[in-house]
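Asker: Contents are mmCIF, C-alpha atoms; file name protein_16.cif:
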```cif
data_entry
#
loop_
_atom_site.group_PDB
_atom_site.id
_atom_site.type_symbol
_atom_site.label_atom_id
_atom_site.label_comp_id
_atom_site.auth_asym_id
_atom_site.auth_seq_id
_atom_site.Cartn_x
_atom_site.Cartn_y
_atom_site.Cartn_z
ATOM 1 C CA MET A 1 11.664 -31.928 -17.386
ATOM 2 C CA THR A 2 8.813 -30.128 -15.625
ATOM 3 C CA ARG A 3 10.641 -30.270 -12.288
ATOM 4 C CA LEU A 4 13.701 -28.612 -13.795
ATOM 5 C CA HIS A 5 11.511 -25.957 -15.389
ATOM 6 C CA ASP A 6 9.784 -25.303 -12.039
ATOM 7 C CA LEU A 7 13.123 -24.924 -10.274
ATOM 8 C CA ALA A 8 14.390 -22.505 -12.925
ATOM 9 C CA LEU A 9 11.203 -20.460 -12.672
ATOM 10 C CA ALA A 10 11.411 -20.362 -8.865
ATOM 11 C CA TYR A 11 15.033 -19.210 -9.111
ATOM 12 C CA ARG A 12 14.172 -16.403 -11.569
ATOM 13 C CA LEU A 13 11.219 -15.262 -9.439
ATOM 14 C CA ARG A 14 13.335 -15.261 -6.284
ATOM 15 C CA TRP A 15 15.948 -13.040 -7.943
ATOM 16 C CA ARG A 16 13.255 -10.752 -9.372
ATOM 17 C CA ARG A 17 11.756 -10.346 -5.894
ATOM 18 C CA ARG A 18 15.174 -9.531 -4.437
ATOM 19 C CA ARG A 19 15.788 -6.947 -7.165
ATOM 20 C CA LEU A 20 12.404 -5.299 -6.516
ATOM 21 C CA LEU A 21 13.024 -5.214 -2.769
ATOM 22 C CA ALA A 22 16.439 -3.641 -3.396
ATOM 23 C CA ARG A 23 14.782 -0.997 -5.611
ATOM 24 C CA ALA A 24 12.280 -0.217 -2.839
ATOM 25 C CA LEU A 25 15.086 0.038 -0.312
ATOM 26 C CA ALA A 26 16.950 2.497 -2.549
ATOM 27 C CA ARG A 27 13.814 4.584 -3.248
ATOM 28 C CA ARG A 28 13.049 5.053 0.456
ATOM 29 C CA ARG A 29 15.367 8.050 0.446
ATOM 30 C CA GLN A 30 12.996 9.803 -1.959
ATOM 31 C CA LEU A 31 10.302 9.993 0.737
ATOM 32 C CA THR A 32 9.965 12.772 3.302
ATOM 33 C CA ALA A 33 7.620 12.218 6.230
ATOM 34 C CA ILE A 34 4.939 14.883 6.632
ATOM 35 C CA ALA A 35 2.820 13.173 9.308
ATOM 36 C CA ASP A 36 4.218 9.882 10.606
ATOM 37 C CA ARG A 37 1.607 8.368 12.899
ATOM 38 C CA THR A 38 2.722 4.783 12.396
ATOM 39 C CA GLY A 39 3.398 4.491 16.124
ATOM 40 C CA ARG A 40 -0.385 4.310 16.542
ATOM 41 C CA ILE A 41 -0.687 1.157 14.430
ATOM 42 C CA ALA A 42 -1.883 -1.658 16.685
ATOM 43 C CA ARG A 43 -1.438 -5.368 16.340
ATOM 44 C CA GLY A 44 -4.095 -6.759 14.016
ATOM 45 C CA ASP A 45 -4.902 -3.430 12.348
ATOM 46 C CA ILE A 46 -5.776 -3.550 8.669
ATOM 47 C CA LEU A 47 -3.651 -1.066 6.714
ATOM 48 C CA CYS A 48 -4.213 0.713 3.415
ATOM 49 C CA PHE A 49 -1.300 1.908 1.268
ATOM 50 C CA ALA A 50 -1.760 4.405 -1.570
ATOM 51 C CA THR A 51 0.147 6.812 -3.784
ATOM 52 C CA VAL A 52 -1.808 9.940 -4.689
ATOM 53 C CA ARG A 53 -1.447 13.134 -6.653
ATOM 54 C CA ASN A 54 -4.037 15.921 -6.706
ATOM 55 C CA GLU A 55 -6.836 13.746 -5.297
ATOM 56 C CA ALA A 56 -8.319 16.185 -2.762
ATOM 57 C CA LEU A 57 -11.800 15.816 -4.280
ATOM 58 C CA ARG A 58 -11.800 12.007 -4.128
ATOM 59 C CA LEU A 59 -10.051 11.443 -0.811
ATOM 60 C CA PRO A 60 -12.911 12.172 1.627
ATOM 61 C CA HIS A 61 -15.082 9.459 0.044
ATOM 62 C CA PHE A 62 -12.099 7.091 -0.334
ATOM 63 C CA LEU A 63 -11.128 7.446 3.338
ATOM 64 C CA ASP A 64 -14.719 7.215 4.651
ATOM 65 C CA HIS A 65 -15.520 4.126 2.564
ATOM 66 C CA HIS A 66 -12.455 2.213 3.708
ATOM 67 C CA ARG A 67 -12.830 3.309 7.327
ATOM 68 C CA ARG A 68 -16.373 1.879 7.276
ATOM 69 C CA LEU A 69 -14.948 -1.396 5.961
ATOM 70 C CA GLY A 70 -12.455 -1.558 8.819
ATOM 71 C CA VAL A 71 -9.187 -0.020 7.635
ATOM 72 C CA ALA A 72 -7.491 1.232 10.790
ATOM 73 C CA HIS A 73 -4.612 3.213 9.292
ATOM 74 C CA PHE A 74 -3.717 4.703 5.912
ATOM 75 C CA LEU A 75 -0.113 5.084 4.740
ATOM 76 C CA VAL A 76 -0.052 7.499 1.811
ATOM 77 C CA VAL A 77 2.652 8.852 -0.465
ATOM 78 C CA ASP A 78 1.740 12.247 -1.896
ATOM 79 C CA ASN A 79 3.485 12.683 -5.237
ATOM 80 C CA ASP A 80 3.888 16.472 -5.269
ATOM 81 C CA SER A 81 0.211 17.467 -5.170
ATOM 82 C CA SER A 82 -0.755 21.091 -5.731
ATOM 83 C CA ASP A 83 -4.459 20.959 -4.768
ATOM 84 C CA GLY A 84 -4.295 20.645 -0.978
ATOM 85 C CA THR A 85 -4.157 16.845 -0.916
ATOM 86 C CA ARG A 86 -1.150 16.812 1.406
ATOM 87 C CA ASP A 87 -2.813 19.112 3.956
ATOM 88 C CA LEU A 88 -6.090 17.187 3.814
ATOM 89 C CA LEU A 89 -4.262 13.928 4.534
ATOM 90 C CA ALA A 90 -2.031 15.402 7.239
ATOM 91 C CA ALA A 91 -5.142 16.593 9.102
ATOM 92 C CA GLN A 92 -6.477 13.011 9.419
ATOM 93 C CA THR A 93 -5.541 11.278 12.677
ATOM 94 C CA ASP A 94 -5.470 7.806 11.121
ATOM 95 C CA VAL A 95 -3.274 8.743 8.143
ATOM 96 C CA SER A 96 0.514 8.800 7.868
ATOM 97 C CA VAL A 97 1.774 10.874 4.941
ATOM 98 C CA TRP A 98 5.040 11.002 3.055
ATOM 99 C CA THR A 99 5.801 13.267 0.137
ATOM 100 C CA THR A 100 8.077 13.113 -2.877
ATOM 101 C CA ALA A 101 8.566 15.086 -6.072
ATOM 102 C CA GLN A 102 10.369 12.188 -7.756
ATOM 103 C CA SER A 103 9.114 10.424 -10.892
ATOM 104 C CA TYR A 104 6.052 8.251 -10.315
ATOM 105 C CA LYS A 105 6.888 6.270 -13.452
ATOM 106 C CA ARG A 106 10.509 5.628 -12.436
ATOM 107 C CA ALA A 107 9.277 4.382 -9.042
ATOM 108 C CA ARG A 108 7.310 1.638 -10.846
ATOM 109 C CA PHE A 109 4.187 3.799 -10.696
ATOM 110 C CA GLY A 110 4.622 4.328 -6.962
ATOM 111 C CA MET A 111 5.074 0.661 -6.085
ATOM 112 C CA ASP A 112 8.713 1.098 -5.027
ATOM 113 C CA TRP A 113 7.613 3.649 -2.410
ATOM 114 C CA LEU A 114 4.688 1.554 -1.223
ATOM 115 C CA THR A 115 6.815 -1.594 -1.096
ATOM 116 C CA TRP A 116 9.240 0.195 1.230
ATOM 117 C CA LEU A 117 6.390 1.341 3.479
ATOM 118 C CA MET A 118 4.923 -2.180 3.508
ATOM 119 C CA MET A 119 8.323 -3.651 4.359
ATOM 120 C CA ARG A 120 8.665 -1.156 7.198
ATOM 121 C CA HIS A 121 5.127 -1.058 8.609
ATOM 122 C CA GLY A 122 3.012 -3.811 7.042
ATOM 123 C CA HIS A 123 4.628 -6.940 8.428
ATOM 124 C CA GLY A 124 2.060 -9.014 10.326
ATOM 125 C CA HIS A 125 -0.882 -6.966 9.033
ATOM 126 C CA TRP A 126 -3.449 -7.414 6.319
ATOM 127 C CA CYS A 127 -2.560 -4.718 3.773
ATOM 128 C CA LEU A 128 -4.533 -3.143 0.936
ATOM 129 C CA THR A 129 -2.824 -1.332 -1.922
ATOM 130 C CA LEU A 130 -5.323 0.981 -3.601
ATOM 131 C CA ASP A 131 -5.624 4.045 -5.786
ATOM 132 C CA ALA A 132 -7.680 7.006 -4.585
ATOM 133 C CA ASP A 133 -10.164 6.398 -7.382
ATOM 134 C CA GLU A 134 -10.769 2.802 -6.228
ATOM 135 C CA CYS A 135 -13.180 1.579 -3.595
ATOM 136 C CA LEU A 136 -12.757 -1.990 -2.411
ATOM 137 C CA ILE A 137 -15.927 -3.988 -2.945
ATOM 138 C CA TYR A 138 -16.271 -7.672 -2.059
ATOM 139 C CA PRO A 139 -19.227 -9.990 -1.453
ATOM 140 C CA TYR A 140 -21.248 -8.817 1.564
ATOM 141 C CA HIS A 141 -19.036 -5.735 2.038
ATOM 142 C CA ASP A 142 -22.086 -3.809 3.204
ATOM 143 C CA THR A 143 -22.767 -6.241 6.081
ATOM 144 C CA ARG A 144 -19.376 -7.839 6.757
ATOM 145 C CA PRO A 145 -16.350 -5.649 7.562
ATOM 146 C CA LEU A 146 -12.797 -6.355 6.461
ATOM 147 C CA PRO A 147 -11.808 -8.056 9.739
ATOM 148 C CA ALA A 148 -14.527 -10.647 9.064
ATOM 149 C CA LEU A 149 -13.251 -11.151 5.510
ATOM 150 C CA CYS A 150 -9.669 -11.470 6.757
ATOM 151 C CA GLY A 151 -10.761 -13.966 9.416
ATOM 152 C CA TRP A 152 -12.548 -16.024 6.793
ATOM 153 C CA LEU A 153 -9.489 -15.912 4.496
ATOM 154 C CA GLU A 154 -7.225 -17.000 7.338
ATOM 155 C CA ALA A 155 -9.589 -19.892 8.137
ATOM 156 C CA GLN A 156 -9.373 -20.944 4.466
ATOM 157 C CA GLY A 157 -5.580 -20.988 4.707
#
```
Take the structure I supplied and represent it as structure tokens, if you would.

Answerer:
Amino acid sequence: MTRLHDLALAYRLRWRRRRLLARALARRRQLTAIADRTGRIARGDILCFATVRNEALRLPHFLDHHRRLGVAHFLVVDNDSSDGTRDLLAAQTDVSVWTTAQSYKRARFGMDWLTWLMMRHGHGHWCLTLDADECLIYPYHDTRPLPALCGWLEAQG
């Protein structure tokens, strides 16, 4: 009975994943590129994906912290900011920015947009999905950068 239950669960999860990918594919049209620097992404780069709105005060610390950890490129969706966030991001050489005025809630709180960007640019990379008010902290983050953590995770399988 457990085997049948596992198969049914796997089937439901597979269809849920397909539905979410289809949503992301449909929502891609809601994004307008402001500064697309994804051509600079190199093999092995660690990427950070975020959706922001009016985060100009937080972004300098957010970007600096994650750069120090080893994030090589940021892919950010600006959800109709009015505080200069878009301009601040567009001025960064390691940030690609898209904008939208569409509903954050209807886009699964930005995840549909980020899923599209990850599908398009994240394949073969370690990817972080963060909010601008979050700073990634992990054991030994102050002495071991993200590439070391990723290498250790890969070694663990």

Asker: Write out as a PyMOL selection string each polymer residue whose atoms come within 6 Å of stretch 72-76 of chain A, counting all atoms listed in the file; drop sequence neighbours fewer than 4 positions from it.

Answerer: chain A and resi 45-51+94-97

Asker: Identify, on the basis of all atoms listed in the file, every residue whose closest approach to stretch 18-35 of chain A does not exceed 10 Å; exclude the query and any residue fewer than 4 positions from it along the same chain; express the result as a ChimeraX atom specification.

Answerer: /A:12-14,75-79,86-87,89-93,95-103,106-108,110-120

Asker: Since we have the selection now, will you write its residues out, keeping C-alpha atoms, as a compact mmCIF listing (two decimals), in the coordinates of the input?

Answerer:
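Result went into again.txt, see below:
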```txt
# COMPACT_ATOMS: atom_id res chain seq x y z
CA ARG A 12 14.17 -16.40 -11.57
CA LEU A 13 11.22 -15.26 -9.44
CA ARG A 14 13.34 -15.26 -6.28
CA LEU A 75 -0.11 5.08 4.74
CA VAL A 76 -0.05 7.50 1.81
CA VAL A 77 2.65 8.85 -0.46
CA ASP A 78 1.74 12.25 -1.90
CA ASN A 79 3.48 12.68 -5.24
CA ARG A 86 -1.15 16.81 1.41
CA ASP A 87 -2.81 19.11 3.96
CA LEU A 89 -4.26 13.93 4.53
CA ALA A 90 -2.03 15.40 7.24
CA ALA A 91 -5.14 16.59 9.10
CA GLN A 92 -6.48 13.01 9.42
CA THR A 93 -5.54 11.28 12.68
CA VAL A 95 -3.27 8.74 8.14
CA SER A 96 0.51 8.80 7.87
CA VAL A 97 1.77 10.87 4.94
CA TRP A 98 5.04 11.00 3.06
CA THR A 99 5.80 13.27 0.14
CA THR A 100 8.08 13.11 -2.88
CA ALA A 101 8.57 15.09 -6.07
CA GLN A 102 10.37 12.19 -7.76
CA SER A 103 9.11 10.42 -10.89
CA ARG A 106 10.51 5.63 -12.44
CA ALA A 107 9.28 4.38 -9.04
CA ARG A 108 7.31 1.64 -10.85
CA GLY A 110 4.62 4.33 -6.96
CA MET A 111 5.07 0.66 -6.08
CA ASP A 112 8.71 1.10 -5.03
CA TRP A 113 7.61 3.65 -2.41
CA LEU A 114 4.69 1.55 -1.22
CA THR A 115 6.82 -1.59 -1.10
CA TRP A 116 9.24 0.20 1.23
CA LEU A 117 6.39 1.34 3.48
CA MET A 118 4.92 -2.18 3.51
CA MET A 119 8.32 -3.65 4.36
CA ARG A 120 8.66 -1.16 7.20
```

Asker: Between atom CA of A:Lys105 and atom CA of A:Ala132, what distance in Å does the model show, to one decimal?

Answerer: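 It comes out at 17.1 Å.
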
Asker: Which stretch 55-97 of chain A residues have any atom within 9 Å of an atom of stretch 134-139 of chain A, and for each, what is the nearest pair of atoms with distance in Å to one decimal, counting only C-alpha atoms, rows sorted by chain and number, as JSON lines?

Answerer:
```
{"residue": "A:His61", "atom": "CA", "partner": "A:Cys135", "partner_atom": "CA", "distance": 8.9}
{"residue": "A:Phe62", "atom": "CA", "partner": "A:Cys135", "partner_atom": "CA", "distance": 6.5}
{"residue": "A:His65", "atom": "CA", "partner": "A:Cys135", "partner_atom": "CA", "distance": 7.1}
{"residue": "A:His66", "atom": "CA", "partner": "A:Cys135", "partner_atom": "CA", "distance": 7.4}
{"residue": "A:Leu69", "atom": "CA", "partner": "A:Leu136", "partner_atom": "CA", "distance": 8.7}
```

Asker: Return the single residue from A:Tyr104, A:Cys127, A:Ala56, A:Asp64 that is closest to A:Ser81, with distances computed using only C-alpha atoms.

Answerer: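 Checking each candidate against A:Ser81, we get A:Ala56 as the closest.
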
Asker: Have a look at atom CA of A:Arg3 and atom CA of A:Arg16 and let me know their distance in Å, one decimal.

Answerer: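 We find that atom CA of A:Arg3 and atom CA of A:Arg16 lie 19.9 Å from each other.
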